[in-house]
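Chemist: input_1.pdb is reproduced below (PDB, C-alpha atoms).
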ATOM      1  CA  MET A   1     100.458  61.579 -70.975  1.00  0.00           C
ATOM      2  CA  LYS A   2      97.153  62.410 -72.693  1.00  0.00           C
ATOM      3  CA  LYS A   3      96.130  58.722 -72.653  1.00  0.00           C
ATOM      4  CA  GLN A   4      96.913  58.493 -68.953  1.00  0.00           C
ATOM      5  CA  ASN A   5      94.842  61.613 -68.183  1.00  0.00           C
ATOM      6  CA  LYS A   6      91.978  60.284 -70.288  1.00  0.00           C
ATOM      7  CA  ARG A   7      92.075  56.919 -68.493  1.00  0.00           C
ATOM      8  CA  TYR A   8      92.162  58.676 -65.108  1.00  0.00           C
ATOM      9  CA  TRP A   9      89.162  60.817 -66.113  1.00  0.00           C
ATOM     10  CA  TRP A  10      87.161  57.728 -67.187  1.00  0.00           C
ATOM     11  CA  ILE A  11      87.945  55.873 -63.949  1.00  0.00           C
ATOM     12  CA  LEU A  12      86.974  58.913 -61.903  1.00  0.00           C
ATOM     13  CA  SER A  13      83.731  59.385 -63.873  1.00  0.00           C
ATOM     14  CA  LEU A  14      82.786  55.730 -63.557  1.00  0.00           C
ATOM     15  CA  SER A  15      83.476  55.795 -59.808  1.00  0.00           C
ATOM     16  CA  MET A  16      81.258  58.856 -59.357  1.00  0.00           C
ATOM     17  CA  ILE A  17      78.424  57.262 -61.327  1.00  0.00           C
ATOM     18  CA  ILE A  18      78.614  54.081 -59.233  1.00  0.00           C
ATOM     19  CA  VAL A  19      78.598  56.074 -55.978  1.00  0.00           C
ATOM     20  CA  GLY A  20      75.639  58.107 -57.291  1.00  0.00           C
ATOM     21  CA  LEU A  21      73.667  54.972 -58.152  1.00  0.00           C
ATOM     22  CA  ILE A  22      74.349  53.405 -54.777  1.00  0.00           C
ATOM     23  CA  SER A  23      73.236  56.522 -52.908  1.00  0.00           C
ATOM     24  CA  CYS A  24      70.064  56.790 -55.040  1.00  0.00           C
ATOM     25  CA  ASN A  25      69.089  53.257 -54.094  1.00  0.00           C
ATOM     26  CA  LYS A  26      68.741  54.084 -50.401  1.00  0.00           C
ATOM     27  CA  LYS A  27      65.496  52.476 -49.217  1.00  0.00           C
ATOM     28  CA  TYR A  28      63.201  53.211 -46.287  1.00  0.00           C
ATOM     29  CA  GLU A  29      63.634  50.437 -43.733  1.00  0.00           C
ATOM     30  CA  GLY A  30      61.154  51.548 -41.073  1.00  0.00           C
ATOM     31  CA  GLU A  31      57.746  50.144 -40.298  1.00  0.00           C
ATOM     32  CA  GLU A  32      54.784  50.463 -42.635  1.00  0.00           C
ATOM     33  CA  ASN A  33      52.452  53.332 -41.702  1.00  0.00           C
ATOM     34  CA  SER A  34      49.070  51.912 -40.765  1.00  0.00           C
ATOM     35  CA  LEU A  35      45.968  52.563 -38.725  1.00  0.00           C
ATOM     36  CA  GLU A  36      48.015  51.381 -35.728  1.00  0.00           C
ATOM     37  CA  THR A  37      49.991  54.620 -36.162  1.00  0.00           C
ATOM     38  CA  ILE A  38      46.804  56.630 -35.615  1.00  0.00           C
ATOM     39  CA  ARG A  39      45.932  54.672 -32.500  1.00  0.00           C
ATOM     40  CA  ASN A  40      49.364  55.258 -30.956  1.00  0.00           C
ATOM     41  CA  ALA A  41      49.885  58.900 -31.985  1.00  0.00           C
ATOM     42  CA  ASN A  42      47.101  60.568 -30.040  1.00  0.00           C
ATOM     43  CA  ASN A  43      49.279  62.863 -27.840  1.00  0.00           C
ATOM     44  CA  ARG A  44      47.480  61.887 -24.625  1.00  0.00           C
ATOM     45  CA  VAL A  45      50.628  60.751 -22.832  1.00  0.00           C
ATOM     46  CA  THR A  46      51.857  62.733 -19.841  1.00  0.00           C
ATOM     47  CA  TYR A  47      55.424  62.759 -18.532  1.00  0.00           C
ATOM     48  CA  LYS A  48      56.498  62.939 -14.890  1.00  0.00           C
ATOM     49  CA  LYS A  49      58.928  65.652 -13.872  1.00  0.00           C
ATOM     50  CA  SER A  50      61.525  62.994 -13.017  1.00  0.00           C
ATOM     51  CA  SER A  51      61.436  61.609 -16.586  1.00  0.00           C
ATOM     52  CA  LEU A  52      62.181  65.081 -18.017  1.00  0.00           C
ATOM     53  CA  ASP A  53      65.281  65.749 -15.925  1.00  0.00           C
ATOM     54  CA  SER A  54      67.873  64.752 -18.489  1.00  0.00           C
ATOM     55  CA  LEU A  55      68.574  66.208 -21.918  1.00  0.00           C
ATOM     56  CA  GLN A  56      68.679  62.685 -23.331  1.00  0.00           C
ATOM     57  CA  ALA A  57      65.116  62.000 -22.104  1.00  0.00           C
ATOM     58  CA  ILE A  58      63.818  65.270 -23.586  1.00  0.00           C
ATOM     59  CA  ASN A  59      65.528  64.521 -26.914  1.00  0.00           C
ATOM     60  CA  LEU A  60      63.985  61.032 -26.971  1.00  0.00           C
ATOM     61  CA  ILE A  61      60.469  62.303 -26.208  1.00  0.00           C
ATOM     62  CA  THR A  62      60.802  65.122 -28.745  1.00  0.00           C
ATOM     63  CA  SER A  63      62.072  62.717 -31.402  1.00  0.00           C
ATOM     64  CA  GLN A  64      59.092  60.397 -30.775  1.00  0.00           C
ATOM     65  CA  LYS A  65      56.633  63.293 -31.053  1.00  0.00           C
ATOM     66  CA  VAL A  66      58.207  64.565 -34.296  1.00  0.00           C
ATOM     67  CA  GLN A  67      58.116  61.034 -35.758  1.00  0.00           C
ATOM     68  CA  ASP A  68      54.468  60.591 -34.670  1.00  0.00           C
ATOM     69  CA  LEU A  69      53.454  63.807 -36.432  1.00  0.00           C
ATOM     70  CA  LEU A  70      55.412  62.897 -39.578  1.00  0.00           C
ATOM     71  CA  ASP A  71      53.862  59.395 -39.686  1.00  0.00           C
ATOM     72  CA  LEU A  72      50.367  60.843 -39.384  1.00  0.00           C
ATOM     73  CA  SER A  73      51.169  63.421 -42.062  1.00  0.00           C
ATOM     74  CA  THR A  74      52.376  60.792 -44.526  1.00  0.00           C
ATOM     75  CA  LEU A  75      49.189  58.798 -43.930  1.00  0.00           C
ATOM     76  CA  TYR A  76      47.077  61.903 -44.472  1.00  0.00           C
ATOM     77  CA  THR A  77      48.834  63.083 -47.644  1.00  0.00           C
ATOM     78  CA  SER A  78      48.715  59.600 -49.170  1.00  0.00           C
ATOM     79  CA  GLY A  79      44.927  59.498 -48.789  1.00  0.00           C
ATOM     80  CA  ASN A  80      42.117  61.397 -50.511  1.00  0.00           C
ATOM     81  CA  LYS A  81      41.866  63.952 -47.667  1.00  0.00           C
ATOM     82  CA  ASP A  82      38.082  63.732 -47.786  1.00  0.00           C
ATOM     83  CA  THR A  83      37.211  60.451 -46.095  1.00  0.00           C
ATOM     84  CA  GLU A  84      36.183  59.853 -42.500  1.00  0.00           C
ATOM     85  CA  ILE A  85      39.521  58.225 -41.686  1.00  0.00           C
ATOM     86  CA  ASP A  86      41.332  61.252 -43.176  1.00  0.00           C
ATOM     87  CA  SER A  87      39.429  63.557 -40.817  1.00  0.00           C
ATOM     88  CA  VAL A  88      40.398  61.295 -37.879  1.00  0.00           C
ATOM     89  CA  ILE A  89      44.062  61.474 -38.953  1.00  0.00           C
ATOM     90  CA  TYR A  90      43.840  65.261 -39.278  1.00  0.00           C
ATOM     91  CA  THR A  91      42.327  65.525 -35.785  1.00  0.00           C
ATOM     92  CA  GLN A  92      45.171  63.389 -34.417  1.00  0.00           C
ATOM     93  CA  MET A  93      47.726  65.677 -36.083  1.00  0.00           C
ATOM     94  CA  GLN A  94      46.070  68.771 -34.604  1.00  0.00           C
ATOM     95  CA  ALA A  95      46.201  67.153 -31.133  1.00  0.00           C
ATOM     96  CA  HIS A  96      49.981  67.647 -31.238  1.00  0.00           C
ATOM     97  CA  PHE A  97      49.418  71.436 -31.105  1.00  0.00           C
ATOM     98  CA  MET A  98      47.998  73.545 -28.291  1.00  0.00           C
ATOM     99  CA  THR A  99      45.891  75.596 -30.712  1.00  0.00           C
ATOM    100  CA  LYS A 100      43.816  73.760 -33.322  1.00  0.00           C
ATOM    101  CA  ASP A 101      44.732  76.006 -36.253  1.00  0.00           C
ATOM    102  CA  SER A 102      44.989  74.549 -39.776  1.00  0.00           C
ATOM    103  CA  ASN A 103      47.956  76.882 -40.427  1.00  0.00           C
ATOM    104  CA  ASN A 104      50.016  74.745 -38.008  1.00  0.00           C
ATOM    105  CA  LEU A 105      50.074  71.919 -40.546  1.00  0.00           C
ATOM    106  CA  LYS A 106      50.039  73.738 -43.900  1.00  0.00           C
ATOM    107  CA  PRO A 107      53.844  74.028 -44.431  1.00  0.00           C
ATOM    108  CA  LEU A 108      54.407  70.367 -43.545  1.00  0.00           C
ATOM    109  CA  LEU A 109      51.548  69.005 -45.664  1.00  0.00           C
ATOM    110  CA  LYS A 110      52.432  71.262 -48.600  1.00  0.00           C
ATOM    111  CA  GLU A 111      56.028  70.024 -48.592  1.00  0.00           C
ATOM    112  CA  MET A 112      54.975  66.368 -48.360  1.00  0.00           C
ATOM    113  CA  ASP A 113      52.415  66.787 -51.145  1.00  0.00           C
ATOM    114  CA  SER A 114      54.874  68.490 -53.478  1.00  0.00           C
ATOM    115  CA  LEU A 115      57.515  65.767 -52.975  1.00  0.00           C
ATOM    116  CA  LYS A 116      54.944  62.913 -52.985  1.00  0.00           C
ATOM    117  CA  VAL A 117      56.291  61.625 -49.663  1.00  0.00           C
ATOM    118  CA  ARG A 118      54.974  58.305 -48.360  1.00  0.00           C
ATOM    119  CA  PHE A 119      57.491  57.644 -45.565  1.00  0.00           C
ATOM    120  CA  ALA A 120      59.538  59.989 -43.369  1.00  0.00           C
ATOM    121  CA  LYS A 121      62.285  59.300 -40.855  1.00  0.00           C
ATOM    122  CA  VAL A 122      63.687  61.656 -38.194  1.00  0.00           C
ATOM    123  CA  ASN A 123      67.460  61.813 -37.647  1.00  0.00           C
ATOM    124  CA  ASN A 124      70.004  63.918 -35.747  1.00  0.00           C
ATOM    125  CA  LEU A 125      67.503  65.609 -33.445  1.00  0.00           C
ATOM    126  CA  THR A 126      68.921  68.091 -30.958  1.00  0.00           C
ATOM    127  CA  THR A 127      67.088  70.432 -28.618  1.00  0.00           C
ATOM    128  CA  SER A 128      68.070  73.948 -27.624  1.00  0.00           C
ATOM    129  CA  LYS A 129      66.713  76.923 -25.752  1.00  0.00           C
ATOM    130  CA  ALA A 130      66.474  80.494 -27.014  1.00  0.00           C
ATOM    131  CA  VAL A 131      66.031  83.526 -24.770  1.00  0.00           C
ATOM    132  CA  ILE A 132      63.868  86.297 -26.198  1.00  0.00           C
ATOM    133  CA  GLU A 133      63.354  89.191 -23.805  1.00  0.00           C
ATOM    134  CA  LYS A 134      62.195  87.347 -20.645  1.00  0.00           C
ATOM    135  CA  ASP A 135      60.882  84.208 -22.336  1.00  0.00           C
ATOM    136  CA  THR A 136      62.822  80.968 -22.749  1.00  0.00           C
ATOM    137  CA  LEU A 137      61.697  79.030 -25.811  1.00  0.00           C
ATOM    138  CA  ASP A 138      62.411  75.365 -26.574  1.00  0.00           C
ATOM    139  CA  PHE A 139      63.389  74.264 -30.070  1.00  0.00           C
ATOM    140  CA  ALA A 140      64.129  70.982 -31.796  1.00  0.00           C
ATOM    141  CA  ASN A 141      66.443  70.951 -34.790  1.00  0.00           C
ATOM    142  CA  PHE A 142      66.357  67.759 -36.868  1.00  0.00           C
ATOM    143  CA  ASP A 143      66.851  66.140 -40.254  1.00  0.00           C
ATOM    144  CA  VAL A 144      63.976  64.412 -42.034  1.00  0.00           C
ATOM    145  CA  GLU A 145      64.602  61.781 -44.692  1.00  0.00           C
ATOM    146  CA  TYR A 146      61.770  61.548 -47.213  1.00  0.00           C
ATOM    147  CA  TYR A 147      60.897  58.383 -49.164  1.00  0.00           C
ATOM    148  CA  ASP A 148      58.321  57.695 -51.889  1.00  0.00           C
ATOM    149  CA  LYS A 149      55.696  54.932 -52.073  1.00  0.00           C
ATOM    150  CA  LYS A 150      58.322  52.483 -53.365  1.00  0.00           C
ATOM    151  CA  ARG A 151      60.413  53.262 -50.253  1.00  0.00           C
ATOM    152  CA  THR A 152      63.014  54.960 -52.468  1.00  0.00           C
ATOM    153  CA  TYR A 153      64.931  57.871 -50.965  1.00  0.00           C
ATOM    154  CA  ILE A 154      63.820  61.320 -52.176  1.00  0.00           C
ATOM    155  CA  THR A 155      65.777  63.859 -50.120  1.00  0.00           C
ATOM    156  CA  THR A 156      66.834  64.952 -46.629  1.00  0.00           C
ATOM    157  CA  VAL A 157      65.687  68.300 -45.251  1.00  0.00           C
ATOM    158  CA  ASN A 158      66.722  70.114 -42.097  1.00  0.00           C
ATOM    159  CA  ARG A 159      63.829  71.469 -40.086  1.00  0.00           C
ATOM    160  CA  LYS A 160      63.176  73.284 -36.844  1.00  0.00           C
ATOM    161  CA  ALA A 161      60.182  73.020 -34.537  1.00  0.00           C
ATOM    162  CA  GLN A 162      59.263  74.980 -31.438  1.00  0.00           C
ATOM    163  CA  TYR A 163      57.728  72.928 -28.633  1.00  0.00           C
ATOM    164  CA  PHE A 164      56.711  73.290 -25.000  1.00  0.00           C
ATOM    165  CA  LEU A 165      55.765  71.148 -22.044  1.00  0.00           C
ATOM    166  CA  LYS A 166      52.481  72.174 -20.432  1.00  0.00           C
ATOM    167  CA  ALA A 167      51.792  71.269 -16.801  1.00  0.00           C
ATOM    168  CA  SER A 168      49.058  68.658 -16.622  1.00  0.00           C
ATOM    169  CA  PRO A 169      48.543  67.573 -12.990  1.00  0.00           C
ATOM    170  CA  VAL A 170      47.371  63.974 -12.656  1.00  0.00           C
ATOM    171  CA  LYS A 171      46.410  62.645  -9.200  1.00  0.00           C
ATOM    172  CA  PHE A 172      48.249  65.499  -7.429  1.00  0.00           C
ATOM    173  CA  GLN A 173      51.523  64.728  -9.226  1.00  0.00           C
ATOM    174  CA  LYS A 174      53.347  67.235 -11.372  1.00  0.00           C
ATOM    175  CA  GLU A 175      53.118  65.889 -14.923  1.00  0.00           C
ATOM    176  CA  PHE A 176      53.511  67.505 -18.330  1.00  0.00           C
ATOM    177  CA  LYS A 177      52.054  67.161 -21.804  1.00  0.00           C
ATOM    178  CA  PHE A 178      54.092  67.779 -24.933  1.00  0.00           C
ATOM    179  CA  TYR A 179      52.847  70.217 -27.600  1.00  0.00           C
ATOM    180  CA  PHE A 180      54.320  71.850 -30.682  1.00  0.00           C
ATOM    181  CA  ALA A 181      54.006  75.638 -30.922  1.00  0.00           C
ATOM    182  CA  ASN A 182      55.420  75.795 -34.475  1.00  0.00           C
ATOM    183  CA  PHE A 183      56.362  73.060 -36.896  1.00  0.00           C
ATOM    184  CA  TYR A 184      58.197  73.733 -40.208  1.00  0.00           C
ATOM    185  CA  LYS A 185      57.795  77.500 -39.978  1.00  0.00           C
ATOM    186  CA  LYS A 186      60.667  79.512 -41.418  1.00  0.00           C
ATOM    187  CA  GLU A 187      60.239  82.562 -39.195  1.00  0.00           C
ATOM    188  CA  ILE A 188      61.409  80.652 -36.099  1.00  0.00           C
ATOM    189  CA  ASP A 189      64.827  80.133 -37.718  1.00  0.00           C
ATOM    190  CA  SER A 190      65.663  83.813 -37.165  1.00  0.00           C
ATOM    191  CA  ILE A 191      66.154  83.574 -33.382  1.00  0.00           C
ATOM    192  CA  LYS A 192      69.381  85.384 -32.504  1.00  0.00           C
ATOM    193  CA  THR A 193      70.345  84.423 -28.942  1.00  0.00           C
ATOM    194  CA  THR A 194      70.661  80.675 -28.429  1.00  0.00           C
ATOM    195  CA  LYS A 195      72.207  78.492 -25.781  1.00  0.00           C
ATOM    196  CA  PRO A 196      72.466  74.699 -25.370  1.00  0.00           C
ATOM    197  CA  ALA A 197      69.526  72.976 -23.688  1.00  0.00           C
ATOM    198  CA  ASN A 198      70.085  71.922 -20.067  1.00  0.00           C
TER     199      ASN A 198
END
Could you quickly redo this structure as structure tokens?
Modeler:
Amino acid sequence: MKKQNKRYWWILSLSMIIVGLISCNKKYEGEENSLETIRNANNRVTYKKSSLDSLQAINLITSQKVQDLLDLSTLYTSGNKDTEIDSVIYTQMQAHFMTKDSNNLKPLLKEMDSLKVRFAKVNNLTTSKAVIEKDTLDFANFDVEYYDKKRTYITTVNRKAQYFLKASPVKFQKEFKFYFANFYKKEIDSIKTTKPAN
């Protein structure tokens, strides 16, 4: 009986080690971050009212904007942060916010620096609305997978961002621009009244 228990324990231990090794070998399979990322992530795009009618469309746009900001952030944190191209990247990141405040980016950049992130991938993004007094606020809840410079998986974190769509009339048509109000700020997680996004 003791031998059988010992054998069972060894098989179980070996299985857990193999599963652990396989999960640690998860590699980033997305595109390489490059200067092309900067060119495409300038937040100048406007969206027609008709393209924002469905929840699926809003989730897709929000996911693209989150990924754009993460790609720019990984480029910025992997550089020296003092070159001309770094200042261009930083300006592009700030363009994703209505107010150009350096505090908008501090939590994100600090986290990426501490983990030595080189690649990031957005998953499981959902949007929701929260009602606070008379204001309705839009939030995106998502997972971010972090990878190092060798494309090896580091960790997955769950994050929340507050965003809004600002009216931006173009040629007498009702169009909107996407901006983040908060990104990676813990205080927005304390909203009490929430309802599903429409």
Chemist: Just give me the gap between CA of Tyr90 (chain A) and CA of Tyr76 (chain A) in Å, one decimal is fine.
Modeler: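 Atom-to-atom, CA of Tyr90 (chain A) to CA of Tyr76 (chain A), that is 7.0 Å.
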Chemist: Measuring atom to atom with only C-alpha atoms, identify which of A:Thr155, A:Ser87, A:Ser128, A:Gln92 is nearest to Leu70 (chain A).
Modeler: A:Gln92
Chemist: Between A:Ile132, A:Leu69, A:Ala57, A:Val122, which is the closest to Asn104 (chain A) once you count all atoms listed in the file?
Modeler: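 Checking each candidate against Asn104 (chain A), we get A:Leu69 as the closest.
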Chemist: Using only C-alpha atoms, which of A:Ser78, A:Ala120, A:Met112, A:Leu105 sits nearest Tyr153 (chain A)?
Modeler: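 Of A:Ser78, A:Ala120, A:Met112, A:Leu105, the one nearest Tyr153 (chain A) is A:Ala120, counting only C-alpha atoms.
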Chemist: Which distance in Å separates CA of Asp68 (chain A) and CA of Met93 (chain A), to one decimal?
Modeler: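 CA of Asp68 (chain A) sits 8.6 Å away from CA of Met93 (chain A).
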Chemist: Find the distance between CA of Ala140 (chain A) and CA of Ser73 (chain A) and write it in Å to one decimal.
Modeler: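 Between CA of Ala140 (chain A) and CA of Ser73 (chain A) the gap is 18.2 Å.
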Chemist: Could you state which residues are captured by the PyMOL selection byres ((chain A and resi 95) around 12) in this file, as a ChimeraX atom specification?
Modeler: /A:38,41-45,65,68-69,72,88-94,96-102,104-105,177-181
Chemist: Given the PyMOL selection byres ((chain A and resi 127) around 9) and the file above, list the residues it selects as a list in words.
Modeler: Leu55, Ile58, Asn59, Thr62, Leu125, Thr126, Ser128, Lys129, Asp138, Phe139, Ala140, Asn141, Phe142, Pro196 and Ala197 of chain A
Chemist: Using all atoms listed in the file, can you tell me which of A:Gln162, A:Thr77, A:Asn123, A:Asn103 comes closest to Asp143 (chain A)?
Modeler: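 Checking each of A:Gln162, A:Thr77, A:Asn123, A:Asn103 against Asp143 (chain A), counting all atoms listed in the file, the winner is A:Asn123.
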Chemist: Which of these, A:Gln173, A:Ser168, A:Asn124, A:Thr136, has the shortest distance to Thr156 (chain A) once you count only C-alpha atoms?
Modeler: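 Using only C-alpha atoms, the shortest distance to Thr156 (chain A) belongs to A:Asn124.
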Chemist: Under the PyMOL selection byres ((chain A and resi 154) around 12), which residues of this model are included? Write them out as an mmCIF file with C-alpha atoms, keeping the file's coordinate frame.
Modeler:
data_model
loop_
_atom_site.group_PDB
_atom_site.id
_atom_site.type_symbol
_atom_site.label_atom_id
_atom_site.label_comp_id
_atom_site.auth_asym_id
_atom_site.auth_seq_id
_atom_site.Cartn_x
_atom_site.Cartn_y
_atom_site.Cartn_z
ATOM 1 C CA SER A 23 73.236 56.522 -52.908
ATOM 2 C CA CYS A 24 70.064 56.790 -55.040
ATOM 3 C CA ASN A 25 69.089 53.257 -54.094
ATOM 4 C CA LYS A 26 68.741 54.084 -50.401
ATOM 5 C CA LYS A 27 65.496 52.476 -49.217
ATOM 6 C CA TYR A 28 63.201 53.211 -46.287
ATOM 7 C CA MET A 112 54.975 66.368 -48.360
ATOM 8 C CA SER A 114 54.874 68.490 -53.478
ATOM 9 C CA LEU A 115 57.515 65.767 -52.975
ATOM 10 C CA LYS A 116 54.944 62.913 -52.985
ATOM 11 C CA VAL A 117 56.291 61.625 -49.663
ATOM 12 C CA ARG A 118 54.974 58.305 -48.360
ATOM 13 C CA PHE A 119 57.491 57.644 -45.565
ATOM 14 C CA ALA A 120 59.538 59.989 -43.369
ATOM 15 C CA LYS A 121 62.285 59.300 -40.855
ATOM 16 C CA VAL A 144 63.976 64.412 -42.034
ATOM 17 C CA GLU A 145 64.602 61.781 -44.692
ATOM 18 C CA TYR A 146 61.770 61.548 -47.213
ATOM 19 C CA TYR A 147 60.897 58.383 -49.164
ATOM 20 C CA ASP A 148 58.321 57.695 -51.889
ATOM 21 C CA LYS A 149 55.696 54.932 -52.073
ATOM 22 C CA LYS A 150 58.322 52.483 -53.365
ATOM 23 C CA ARG A 151 60.413 53.262 -50.253
ATOM 24 C CA THR A 152 63.014 54.960 -52.468
ATOM 25 C CA TYR A 153 64.931 57.871 -50.965
ATOM 26 C CA THR A 155 65.777 63.859 -50.120
ATOM 27 C CA THR A 156 66.834 64.952 -46.629
ATOM 28 C CA VAL A 157 65.687 68.300 -45.251
#
